[in-house]
Amino acid sequence: MFKIIKRDERTSARIGELFTKNGIIETPVFMPVGTIGTIKSLSPYEIYDEGFKIMLSNTYHLFLRPGIDVIKKFGSLRNFTKYKGAILTDSGGFQIFSLAKLAKINGDGVSFMSHIDGETHFFTPERVIEIQETLDSDIMMQLDVFSGHDASRETAERDLNTTINWAKRSISAKKSDNLLFLISQGNFFEDLRKKSAEIMSELDADGYAVGGLAVGESKETMFRMLNISVSNLPKNKPRYLMGVGTPADIINAVSMGVDMFDCVMPTRNARNGFIFTSDGTVNIKNSSYKTRTLPVDPKCNCFCCKNFSAAYVRHAFMTKEIFSQRLLTIHNLHFYQNFLSLIRQSILDGNFHDFLQNYYKNY
């Protein structure tokens with residue numbers, strides 16, 4: 001299911017292959033976020049052709065719209081969307097607690113009110129697995145309990161124990177050959193992070209995610225907690241850092257041994273005019289781009305940069321043309337795909353540490 005191809009000698013970075021029923025995924029990998037099965041302004045074919053062999057969708061949102069009965073008519077989310085790659089579905093735990101008011105947790109599951117129409121629903125760990133098996137997700141995520149960064153130790157420990165219990169129930173509920181990843185939590189308490197990783201490891205899942213980070217804490221705290229989690233998770237299983245996605249965060253996490261990433265940042269930032277380039281992040285609204293004849297990033301060979309000037313892209317963006325959001329989304333996703341490709345190649349060539357140092361120096 002997961003094969004490590006090469007380990008870096010100076011860090012914990014590694015190259016791997018993750019085997020899913022809809023393709024082999026080279027790791028480290030970045031998964032674009034298609035929350036409801038779509039990535040705004042792009043087609044599923046374009047995402048796959050850009051090199052993204054796996055994308056992320058969300059169980060909570062798909063459950064509400066279009067609804068599981070609709071997906072069932074198509075046989076799978078993959079058939080519904082026409083995306084040719086593998087699909088990982090988040091369980092929706094984070095969305096339940098961040099979007100839905102009046103969420104109530106008990107030992108059996110969580111009741112929540114839809115943010116769309118106010119209707120009340122009830123999710124159990126078993127129900128979430130059942131939904132994801134209907135979606136036919138290549139990788140399913142367990143239902144977990146997310147604790148905010150300001151949670152008390154008592155709350156964090158209670159939520160961790162619930163998450164561990166739900167992990168065991170998720171494993172028991174699984175009936176398909178789809179992969180199941182468990183989520184290591186523990187809030188920002190070092191002993192709870194360690195406890196969670198150790199107990200989850202004993203459950204021998206197909207892979208492991210680290211959740212509950214990048215929610216307002218400092219970078220130092222985030223990476224300290226990440227290191228505790230990763231160092232206590234199995235070395236022969238894929239490790240997935242949920243919802244963390246700046247280039248700097250990705251390359252740091254890769255050096256710690258993380259294999260998988262997702263984040264809305266490249267696509268959401270694109271729609272707001274923020275662009276990732278080889279020299280750093282820039283804003284297309286900057287007046288310096290008004291007459292610039294060069295592309296957004298002269299070192300980039302994406303569709304946007306090969307065909308259009310920065311001045312034209314800025315003009316389209318400032319006049320609120322949808323085409324500008326499409327161009328910038330294409331560019332940012334191409335940047336991320338190329339960035340991960342360079343990381344993988346540096347590990348393969350044995351010079352990841354130098355690549356890491358050059359990144360800090362130049363980006």
# chains A, B, ... in the order shown; residues from 1 in each chain; ligands from 1
>>> residues_around(residues="Ile105 (chain A)", least_positions_apart="5", cutoff="12 Å", atoms="only C-alpha atoms", output="PyMOL selection string")
chain A and resi 93+96-97+110-112+122-125+143-146+158-159+162-163+166
>>> residues_around(residues="Ile171 (chain A)", least_positions_apart="4", cutoff="10 Å", atoms="only C-alpha atoms", output="ChimeraX atom specification")
/A:125-126,129,142,166-167,175,180-182,203-205
>>> write_last_selection(atoms="N, CA and C atoms", output="PDB file, in the first residue's frame")
ATOM      1  N   PRO A 125     -19.271   7.719  13.879  1.00  0.00           N
ATOM      2  CA  PRO A 125     -18.103   7.243  13.136  1.00  0.00           C
ATOM      3  C   PRO A 125     -18.492   6.215  12.079  1.00  0.00           C
ATOM      4  N   GLU A 126     -19.434   5.347  12.418  1.00  0.00           N
ATOM      5  CA  GLU A 126     -19.881   4.321  11.476  1.00  0.00           C
ATOM      6  C   GLU A 126     -20.594   4.936  10.280  1.00  0.00           C
ATOM      7  N   ILE A 129     -18.118   6.517   7.842  1.00  0.00           N
ATOM      8  CA  ILE A 129     -17.465   5.501   7.004  1.00  0.00           C
ATOM      9  C   ILE A 129     -18.431   5.020   5.924  1.00  0.00           C
ATOM     10  N   GLN A 142     -11.269   9.083   9.263  1.00  0.00           N
ATOM     11  CA  GLN A 142     -12.157   8.844  10.399  1.00  0.00           C
ATOM     12  C   GLN A 142     -12.818  10.136  10.853  1.00  0.00           C
ATOM     13  N   TRP A 166     -13.513   6.756  18.513  1.00  0.00           N
ATOM     14  CA  TRP A 166     -14.117   6.795  17.183  1.00  0.00           C
ATOM     15  C   TRP A 166     -13.202   6.175  16.127  1.00  0.00           C
ATOM     16  N   ALA A 167     -11.896   6.238  16.340  1.00  0.00           N
ATOM     17  CA  ALA A 167     -10.961   5.579  15.419  1.00  0.00           C
ATOM     18  C   ALA A 167     -11.185   4.072  15.438  1.00  0.00           C
ATOM     19  N   LYS A 175     -15.984  -1.749   5.558  1.00  0.00           N
ATOM     20  CA  LYS A 175     -16.363  -2.967   4.845  1.00  0.00           C
ATOM     21  C   LYS A 175     -15.712  -3.072   3.472  1.00  0.00           C
ATOM     22  N   LEU A 180      -8.158   3.530   4.783  1.00  0.00           N
ATOM     23  CA  LEU A 180      -8.658   4.312   5.922  1.00  0.00           C
ATOM     24  C   LEU A 180      -7.485   4.909   6.673  1.00  0.00           C
ATOM     25  N   PHE A 181      -7.503   6.232   6.830  1.00  0.00           N
ATOM     26  CA  PHE A 181      -6.496   6.942   7.617  1.00  0.00           C
ATOM     27  C   PHE A 181      -7.118   7.381   8.937  1.00  0.00           C
ATOM     28  N   LEU A 182      -6.366   7.210  10.007  1.00  0.00           N
ATOM     29  CA  LEU A 182      -6.769   7.709  11.315  1.00  0.00           C
ATOM     30  C   LEU A 182      -6.100   9.054  11.566  1.00  0.00           C
ATOM     31  N   LEU A 203      -3.300   0.727  16.285  1.00  0.00           N
ATOM     32  CA  LEU A 203      -4.503   0.309  15.570  1.00  0.00           C
ATOM     33  C   LEU A 203      -4.193  -0.132  14.145  1.00  0.00           C
ATOM     34  N   ASP A 204      -2.976   0.106  13.698  1.00  0.00           N
ATOM     35  CA  ASP A 204      -2.479  -0.418  12.415  1.00  0.00           C
ATOM     36  C   ASP A 204      -3.394  -0.042  11.248  1.00  0.00           C
ATOM     37  N   ALA A 205      -3.620   1.251  11.067  1.00  0.00           N
ATOM     38  CA  ALA A 205      -4.433   1.740   9.955  1.00  0.00           C
ATOM     39  C   ALA A 205      -3.596   1.780   8.679  1.00  0.00           C
TER      40      ALA A 205
END
>>> select_by_dssp(residues="region 202-243 of chain A", states="helix (DSSP H, G or I)", output="PDB file with N, CA and C atoms, in the first residue's frame")
ATOM      1  N   GLU A 202      -0.936   1.735  17.196  1.00  0.00           N
ATOM      2  CA  GLU A 202      -1.263   0.364  17.582  1.00  0.00           C
ATOM      3  C   GLU A 202      -2.474  -0.165  16.818  1.00  0.00           C
ATOM      4  N   LYS A 219       4.169  29.376  14.610  1.00  0.00           N
ATOM      5  CA  LYS A 219       4.836  28.367  13.781  1.00  0.00           C
ATOM      6  C   LYS A 219       5.711  27.464  14.636  1.00  0.00           C
ATOM      7  N   GLU A 220       6.375  28.043  15.612  1.00  0.00           N
ATOM      8  CA  GLU A 220       7.239  27.250  16.489  1.00  0.00           C
ATOM      9  C   GLU A 220       6.436  26.173  17.206  1.00  0.00           C
ATOM     10  N   THR A 221       5.284  26.556  17.736  1.00  0.00           N
ATOM     11  CA  THR A 221       4.431  25.592  18.429  1.00  0.00           C
ATOM     12  C   THR A 221       3.913  24.534  17.462  1.00  0.00           C
ATOM     13  N   MET A 222       3.485  24.973  16.292  1.00  0.00           N
ATOM     14  CA  MET A 222       2.945  24.037  15.308  1.00  0.00           C
ATOM     15  C   MET A 222       3.965  22.958  14.962  1.00  0.00           C
ATOM     16  N   PHE A 223       5.193  23.367  14.676  1.00  0.00           N
ATOM     17  CA  PHE A 223       6.190  22.380  14.260  1.00  0.00           C
ATOM     18  C   PHE A 223       6.686  21.534  15.430  1.00  0.00           C
ATOM     19  N   ARG A 224       6.635  22.074  16.639  1.00  0.00           N
ATOM     20  CA  ARG A 224       6.993  21.258  17.800  1.00  0.00           C
ATOM     21  C   ARG A 224       5.963  20.152  17.988  1.00  0.00           C
ATOM     22  N   MET A 225       4.684  20.493  17.873  1.00  0.00           N
ATOM     23  CA  MET A 225       3.629  19.486  17.996  1.00  0.00           C
ATOM     24  C   MET A 225       3.684  18.487  16.838  1.00  0.00           C
ATOM     25  N   LEU A 226       3.949  18.995  15.650  1.00  0.00           N
ATOM     26  CA  LEU A 226       4.039  18.111  14.485  1.00  0.00           C
ATOM     27  C   LEU A 226       5.163  17.104  14.650  1.00  0.00           C
ATOM     28  N   ASN A 227       6.293  17.564  15.139  1.00  0.00           N
ATOM     29  CA  ASN A 227       7.437  16.673  15.312  1.00  0.00           C
ATOM     30  C   ASN A 227       7.130  15.559  16.321  1.00  0.00           C
ATOM     31  N   ILE A 228       6.426  15.904  17.390  1.00  0.00           N
ATOM     32  CA  ILE A 228       6.053  14.895  18.386  1.00  0.00           C
ATOM     33  C   ILE A 228       5.134  13.854  17.747  1.00  0.00           C
ATOM     34  N   SER A 229       4.142  14.324  16.994  1.00  0.00           N
ATOM     35  CA  SER A 229       3.198  13.402  16.365  1.00  0.00           C
ATOM     36  C   SER A 229       3.901  12.498  15.365  1.00  0.00           C
ATOM     37  N   VAL A 230       4.656  13.093  14.453  1.00  0.00           N
ATOM     38  CA  VAL A 230       5.278  12.326  13.372  1.00  0.00           C
ATOM     39  C   VAL A 230       6.291  11.325  13.909  1.00  0.00           C
ATOM     40  N   SER A 231       7.077  11.742  14.893  1.00  0.00           N
ATOM     41  CA  SER A 231       8.127  10.862  15.409  1.00  0.00           C
ATOM     42  C   SER A 231       7.568   9.663  16.164  1.00  0.00           C
TER      43      SER A 231
END
>>> select_by_dssp(residues="region 41-120 of chain A", states="strand (DSSP E)", output="mmCIF file with C-alpha atoms, in the first residue's frame")
data_model
loop_
_atom_site.group_PDB
_atom_site.id
_atom_site.type_symbol
_atom_site.label_atom_id
_atom_site.label_comp_id
_atom_site.auth_asym_id
_atom_site.auth_seq_id
_atom_site.Cartn_x
_atom_site.Cartn_y
_atom_site.Cartn_z
ATOM 1 C CA ILE A 54 -5.189 12.847 -6.114
ATOM 2 C CA MET A 55 -7.504 15.566 -4.836
ATOM 3 C CA LEU A 56 -9.397 16.148 -1.623
ATOM 4 C CA SER A 57 -13.147 16.469 -1.199
ATOM 5 C CA ASN A 58 -15.261 16.827 1.934
ATOM 6 C CA ALA A 86 -7.746 9.170 -6.716
ATOM 7 C CA ILE A 87 -9.915 11.010 -4.195
ATOM 8 C CA LEU A 88 -9.345 11.478 -0.466
ATOM 9 C CA THR A 89 -12.408 12.555 1.487
ATOM 10 C CA ASP A 90 -12.066 14.365 4.776
ATOM 11 C CA LYS A 104 -23.498 18.611 20.199
ATOM 12 C CA ILE A 105 -21.088 15.763 20.851
ATOM 13 C CA VAL A 110 -22.292 14.402 16.891
ATOM 14 C CA SER A 111 -25.543 16.148 16.025
ATOM 15 C CA PHE A 112 -25.230 19.318 13.999
ATOM 16 C CA MET A 113 -27.348 21.871 12.232
ATOM 17 C CA THR A 120 -30.413 18.753 12.008
#
>>> closest_residue(among="A:Leu135, A:Ile164, A:Met260, A:Ile284", to="Val70 (chain A)", atoms="only C-alpha atoms")
A:Leu135
>>> residues_around(residues="Leu327 (chain A)", least_positions_apart="4", cutoff="10 Å", atoms="only C-alpha atoms", output="PyMOL selection string")
chain A and resi 41-42+270-271+302-305+308+313+316-317+322-323+331-332
>>> write_last_selection(atoms="C-alpha atoms", output="PDB file, in the first residue's frame")
ATOM      1  CA  SER A  41     -12.919  27.743 -12.396  1.00  0.00           C
ATOM      2  CA  LEU A  42     -11.099  24.554 -13.461  1.00  0.00           C
ATOM      3  CA  ALA A 270      -5.598  33.030  -6.587  1.00  0.00           C
ATOM      4  CA  ARG A 271      -9.204  34.189  -6.497  1.00  0.00           C
ATOM      5  CA  CYS A 302       2.178  27.398 -16.908  1.00  0.00           C
ATOM      6  CA  PHE A 303      -0.611  28.276 -19.347  1.00  0.00           C
ATOM      7  CA  CYS A 304      -1.014  31.714 -17.771  1.00  0.00           C
ATOM      8  CA  CYS A 305       2.651  32.653 -17.886  1.00  0.00           C
ATOM      9  CA  PHE A 308      -0.318  36.373 -21.083  1.00  0.00           C
ATOM     10  CA  VAL A 313      -3.886  39.478 -16.054  1.00  0.00           C
ATOM     11  CA  ALA A 316      -8.716  41.277 -16.161  1.00  0.00           C
ATOM     12  CA  PHE A 317      -8.566  40.920 -12.381  1.00  0.00           C
ATOM     13  CA  ILE A 322     -13.741  35.541 -14.195  1.00  0.00           C
ATOM     14  CA  PHE A 323     -11.006  34.603 -16.655  1.00  0.00           C
ATOM     15  CA  HIS A 331      -0.703  29.429 -12.150  1.00  0.00           C
ATOM     16  CA  ASN A 332      -0.810  28.795  -8.398  1.00  0.00           C
TER      17      ASN A 332
END
>>> closest_atom_pairs(of="region 242-267 of chain A", to="region 273-283 of chain A", cutoff="10 Å", atoms="only C-alpha atoms", output="tab-separated table")
residue	atom	partner	partner_atom	distance
A:Thr246	CA	A:Phe276	CA	9.6
A:Pro247	CA	A:Phe276	CA	8.9
A:Met265	CA	A:Phe274	CA	9.6
A:Pro266	CA	A:Phe276	CA	7.7
A:Thr267	CA	A:Phe274	CA	9.4
>>> write_last_selection(atoms="N, CA and C atoms", output="CSV table (one decimal), in the first residue's frame")
chain,number,residue,atom,x,y,z
A,246,THR,N,1.4,26.5,3.2
A,246,THR,CA,2.3,27.4,2.6
A,246,THR,C,3.6,26.7,2.1
A,247,PRO,N,4.2,27.2,1.1
A,247,PRO,CA,5.4,26.5,0.7
A,247,PRO,C,6.5,26.3,1.8
A,265,MET,N,-5.1,27.2,0.1
A,265,MET,CA,-4.4,28.4,-0.1
A,265,MET,C,-4.1,28.7,-1.6
A,266,PRO,N,-3.6,27.8,-2.4
A,266,PRO,CA,-3.2,28.2,-3.7
A,266,PRO,C,-4.5,28.6,-4.5
A,267,THR,N,-5.6,28.0,-4.3
A,267,THR,CA,-6.8,28.3,-5.1
A,267,THR,C,-7.5,29.5,-4.5
>>> residues_around(residues="Tyr60 (chain A)", least_positions_apart="3", cutoff="8 Å", atoms="only C-alpha atoms", output="ChimeraX atom specification")
/A:63-64,91-93,95-96
>>> write_last_selection(atoms="C-alpha atoms", output="short mmCIF file (atom, residue, chain, number, x, y, z; two decimals), in the first residue's frame")
data_model
loop_
_atom_site.label_atom_id
_atom_site.label_comp_id
_atom_site.auth_asym_id
_atom_site.auth_seq_id
_atom_site.Cartn_x
_atom_site.Cartn_y
_atom_site.Cartn_z
CA PHE A 63 -23.53 14.91 2.33
CA LEU A 64 -25.43 18.20 2.39
CA SER A 91 -14.58 13.16 7.34
CA GLY A 92 -16.09 16.60 7.86
CA GLY A 93 -15.30 16.74 11.56
CA GLN A 95 -16.46 21.59 9.28
CA ILE A 96 -19.08 20.37 11.73
#
